[in-house]
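> model_35.cif (mmCIF, N, CA and C atoms) pasted underneath:
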data_data
loop_
_atom_site.label_atom_id
_atom_site.label_comp_id
_atom_site.auth_asym_id
_atom_site.auth_seq_id
_atom_site.Cartn_x
_atom_site.Cartn_y
_atom_site.Cartn_z
N MET A 1 1.14 93.13 26.79
CA MET A 1 0.35 92.05 27.35
C MET A 1 -1.01 92.63 27.75
N SER A 2 -2.05 91.97 27.38
CA SER A 2 -3.40 92.47 27.68
C SER A 2 -3.76 92.14 29.13
N LEU A 3 -4.78 92.79 29.60
CA LEU A 3 -5.26 92.55 30.96
C LEU A 3 -5.66 91.10 31.14
N GLN A 4 -6.29 90.51 30.14
CA GLN A 4 -6.72 89.11 30.22
C GLN A 4 -5.50 88.18 30.35
N ASP A 5 -4.45 88.47 29.58
CA ASP A 5 -3.22 87.66 29.66
C ASP A 5 -2.59 87.76 31.05
N GLU A 6 -2.57 88.97 31.61
CA GLU A 6 -2.00 89.17 32.94
C GLU A 6 -2.82 88.43 34.00
N LEU A 7 -4.15 88.49 33.87
CA LEU A 7 -5.01 87.77 34.82
C LEU A 7 -4.81 86.26 34.72
N THR A 8 -4.63 85.76 33.50
CA THR A 8 -4.39 84.33 33.30
C THR A 8 -3.05 83.93 33.92
N ALA A 9 -2.02 84.76 33.74
CA ALA A 9 -0.70 84.47 34.32
C ALA A 9 -0.76 84.46 35.84
N VAL A 10 -1.49 85.41 36.41
CA VAL A 10 -1.64 85.47 37.87
C VAL A 10 -2.39 84.23 38.36
N GLN A 11 -3.42 83.82 37.65
CA GLN A 11 -4.19 82.64 38.04
C GLN A 11 -3.30 81.39 38.01
N HIS A 12 -2.43 81.27 37.00
CA HIS A 12 -1.51 80.12 36.94
C HIS A 12 -0.55 80.13 38.14
N CYS A 13 -0.07 81.32 38.48
CA CYS A 13 0.83 81.44 39.63
C CYS A 13 0.13 81.04 40.92
N LEU A 14 -1.10 81.48 41.08
CA LEU A 14 -1.87 81.12 42.27
C LEU A 14 -2.14 79.62 42.32
N ASP A 15 -2.44 79.02 41.17
CA ASP A 15 -2.66 77.57 41.12
C ASP A 15 -1.39 76.82 41.53
N ASP A 16 -0.24 77.29 41.04
CA ASP A 16 1.03 76.67 41.42
C ASP A 16 1.28 76.81 42.91
N LEU A 17 0.97 77.97 43.44
CA LEU A 17 1.15 78.21 44.87
C LEU A 17 0.27 77.28 45.70
N VAL A 18 -0.97 77.12 45.30
CA VAL A 18 -1.90 76.24 46.03
C VAL A 18 -1.39 74.80 46.00
N ARG A 19 -0.90 74.34 44.83
CA ARG A 19 -0.36 72.98 44.74
C ARG A 19 0.86 72.81 45.64
N THR A 20 1.73 73.81 45.64
CA THR A 20 2.95 73.73 46.44
C THR A 20 2.63 73.72 47.93
N VAL A 21 1.71 74.57 48.35
CA VAL A 21 1.31 74.60 49.76
C VAL A 21 0.66 73.27 50.15
N GLY A 22 -0.11 72.69 49.26
CA GLY A 22 -0.71 71.38 49.54
C GLY A 22 0.35 70.31 49.74
N ARG A 23 1.39 70.32 48.91
CA ARG A 23 2.49 69.35 49.06
C ARG A 23 3.21 69.56 50.38
N LEU A 24 3.43 70.84 50.73
CA LEU A 24 4.08 71.13 52.01
C LEU A 24 3.25 70.66 53.19
N GLU A 25 1.94 70.84 53.10
CA GLU A 25 1.07 70.38 54.19
C GLU A 25 1.13 68.87 54.34
N ARG A 26 1.14 68.15 53.21
CA ARG A 26 1.24 66.68 53.28
C ARG A 26 2.58 66.25 53.86
N SER A 27 3.66 66.93 53.46
CA SER A 27 4.99 66.59 53.99
C SER A 27 5.06 66.84 55.49
N LEU A 28 4.52 67.96 55.91
CA LEU A 28 4.52 68.27 57.34
C LEU A 28 3.69 67.26 58.12
N ALA A 29 2.58 66.83 57.56
CA ALA A 29 1.76 65.83 58.24
C ALA A 29 2.53 64.51 58.38
N GLN A 30 3.27 64.13 57.33
CA GLN A 30 4.06 62.91 57.41
C GLN A 30 5.17 63.04 58.46
N LEU A 31 5.83 64.19 58.49
CA LEU A 31 6.86 64.40 59.50
C LEU A 31 6.28 64.39 60.90
N ARG A 32 5.10 64.99 61.07
CA ARG A 32 4.45 65.01 62.37
C ARG A 32 4.08 63.60 62.80
N ASP A 33 3.55 62.80 61.87
CA ASP A 33 3.20 61.41 62.19
C ASP A 33 4.44 60.60 62.55
N ALA A 34 5.53 60.82 61.82
CA ALA A 34 6.75 60.08 62.10
C ALA A 34 7.34 60.48 63.45
N ALA A 35 7.20 61.74 63.81
CA ALA A 35 7.76 62.22 65.07
C ALA A 35 6.96 61.72 66.27
N THR A 36 5.67 61.49 66.08
CA THR A 36 4.84 61.06 67.20
C THR A 36 4.65 59.55 67.26
N ALA A 37 5.11 58.83 66.22
CA ALA A 37 4.96 57.38 66.21
C ALA A 37 5.90 56.77 67.24
N PRO A 38 5.45 55.71 67.91
CA PRO A 38 6.33 55.06 68.89
C PRO A 38 7.49 54.38 68.19
N ASP A 39 8.64 54.41 68.83
CA ASP A 39 9.83 53.77 68.28
C ASP A 39 9.66 52.26 68.39
N PRO A 40 9.79 51.51 67.28
CA PRO A 40 9.60 50.06 67.35
C PRO A 40 10.64 49.37 68.22
N LEU A 41 11.77 50.02 68.48
CA LEU A 41 12.80 49.43 69.33
C LEU A 41 12.65 49.84 70.79
N GLY A 42 11.63 50.62 71.07
CA GLY A 42 11.41 51.08 72.43
C GLY A 42 12.11 52.41 72.66
N PRO A 43 11.90 52.97 73.83
CA PRO A 43 12.52 54.27 74.12
C PRO A 43 14.04 54.13 74.20
N ALA A 44 14.71 55.13 73.70
CA ALA A 44 16.18 55.12 73.72
C ALA A 44 16.67 55.48 75.11
N ALA A 45 17.72 54.81 75.52
CA ALA A 45 18.32 55.11 76.80
C ALA A 45 19.07 56.45 76.69
N PRO A 46 19.02 57.24 77.73
CA PRO A 46 19.74 58.51 77.67
C PRO A 46 21.25 58.26 77.57
N VAL A 47 21.89 59.05 76.76
CA VAL A 47 23.32 58.92 76.57
C VAL A 47 23.97 60.19 77.07
N ASP A 48 24.94 60.03 77.96
CA ASP A 48 25.60 61.21 78.50
C ASP A 48 26.86 61.57 77.74
N GLY A 49 27.12 60.88 76.60
CA GLY A 49 28.27 61.22 75.78
C GLY A 49 29.47 60.32 76.00
N VAL A 50 29.49 59.57 77.10
CA VAL A 50 30.62 58.71 77.38
C VAL A 50 30.12 57.27 77.48
N ILE A 51 30.74 56.40 76.71
CA ILE A 51 30.41 54.98 76.77
C ILE A 51 31.64 54.26 77.31
N THR A 52 31.47 53.58 78.40
CA THR A 52 32.58 52.87 79.03
C THR A 52 32.62 51.44 78.52
N ILE A 53 33.80 51.03 78.07
CA ILE A 53 34.00 49.66 77.63
C ILE A 53 34.95 49.02 78.62
N THR A 54 34.51 47.93 79.22
CA THR A 54 35.33 47.29 80.24
C THR A 54 36.50 46.56 79.61
N GLU A 55 37.51 46.31 80.40
CA GLU A 55 38.68 45.57 79.97
C GLU A 55 38.49 44.06 80.14
N ALA A 56 37.37 43.66 80.71
CA ALA A 56 37.12 42.24 80.94
C ALA A 56 36.99 41.52 79.61
N PRO A 57 37.48 40.27 79.53
CA PRO A 57 37.36 39.54 78.27
C PRO A 57 35.90 39.23 77.95
N TYR A 58 35.60 39.16 76.65
CA TYR A 58 34.25 38.83 76.23
C TYR A 58 33.93 37.37 76.53
N ASP A 59 32.67 37.10 76.69
CA ASP A 59 32.21 35.72 76.89
C ASP A 59 32.37 34.98 75.56
N THR A 60 33.18 33.92 75.52
CA THR A 60 33.45 33.20 74.28
C THR A 60 32.23 32.49 73.74
N THR A 61 31.20 32.28 74.54
CA THR A 61 30.00 31.62 74.03
C THR A 61 29.21 32.53 73.09
N LEU A 62 29.54 33.81 73.06
CA LEU A 62 28.87 34.73 72.14
C LEU A 62 29.19 34.38 70.69
N TRP A 63 30.35 33.76 70.45
CA TRP A 63 30.79 33.46 69.09
C TRP A 63 30.74 31.97 68.77
N THR A 64 30.02 31.19 69.52
CA THR A 64 29.98 29.74 69.31
C THR A 64 29.50 29.38 67.92
N ASP A 65 28.45 30.01 67.43
CA ASP A 65 27.87 29.66 66.13
C ASP A 65 28.30 30.59 65.00
N SER A 66 29.30 31.40 65.21
CA SER A 66 29.68 32.36 64.18
C SER A 66 30.73 31.77 63.25
N ASP A 67 30.79 32.31 62.04
CA ASP A 67 31.82 31.93 61.08
C ASP A 67 32.91 32.97 61.12
N ASP A 68 34.14 32.53 61.11
CA ASP A 68 35.23 33.49 61.09
C ASP A 68 35.76 33.69 59.68
N GLU A 69 35.23 32.97 58.72
CA GLU A 69 35.60 33.09 57.32
C GLU A 69 37.10 33.00 57.11
N GLY A 70 37.74 32.25 57.97
CA GLY A 70 39.17 32.02 57.80
C GLY A 70 40.06 33.08 58.42
N LEU A 71 39.49 34.15 58.88
CA LEU A 71 40.31 35.20 59.48
C LEU A 71 40.68 34.80 60.90
N GLY A 72 41.92 34.92 61.22
CA GLY A 72 42.38 34.59 62.56
C GLY A 72 42.68 33.12 62.77
N VAL A 73 42.48 32.30 61.76
CA VAL A 73 42.76 30.89 61.88
C VAL A 73 44.26 30.69 61.68
N PRO A 74 44.91 29.92 62.54
CA PRO A 74 46.35 29.72 62.38
C PRO A 74 46.68 29.16 61.00
N GLY A 75 47.71 29.69 60.38
CA GLY A 75 48.14 29.20 59.08
C GLY A 75 47.42 29.86 57.91
N ARG A 76 46.45 30.69 58.16
CA ARG A 76 45.72 31.39 57.09
C ARG A 76 45.99 32.87 57.16
N HIS A 77 45.87 33.52 56.05
CA HIS A 77 46.04 34.97 56.02
C HIS A 77 45.13 35.55 54.94
N ALA A 78 44.88 36.82 55.07
CA ALA A 78 44.03 37.50 54.09
C ALA A 78 44.76 37.57 52.75
N PRO A 79 44.04 37.52 51.64
CA PRO A 79 44.69 37.57 50.32
C PRO A 79 45.41 38.88 50.09
#
What does the file become when written as structure tokens?


Amino acid sequence: MSLQDELTAVQHCLDDLVRTVGRLERSLAQLRDAATAPDPLGPAAPVDGVITITEAPYDTTLWTDSDDEGLGVPGRHAP
């Protein structure tokens, strides 16, 4: 391989490296923007690992407008 061929190969490698570093910089910028963007749902409440579910019955008005699709209806059963 001649010196000119070796220099051309090195130049191609450097060009590839520059393109790759540019892509990495853009990806990092997107990640940084996503990490600093405000959460559209608001700040998350701290979770201590335990979620307590009460034994109290649910309010039946929560399901007033819902469809049960036949499940739980007397005389019906799943196929």

> For the atom pair atom N of His12 (chain A) and atom N of Leu28 (chain A), what is the interatomic distance in Å to one decimal place?

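These atoms are spaced 24.1 Å apart.
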
> So the first atom is CA of Ala34 (chain A) and the second is atom C of Val18 (chain A); what is the distance between them in Å, to one decimal place?

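Distance reported for this atom pair: 23.3 Å.
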
> Would you work out the distance separating CA of Asp48 (chain A) from CA of Arg32 (chain A), expressed in Å to one decimal?

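So the answer is 26.9 Å.
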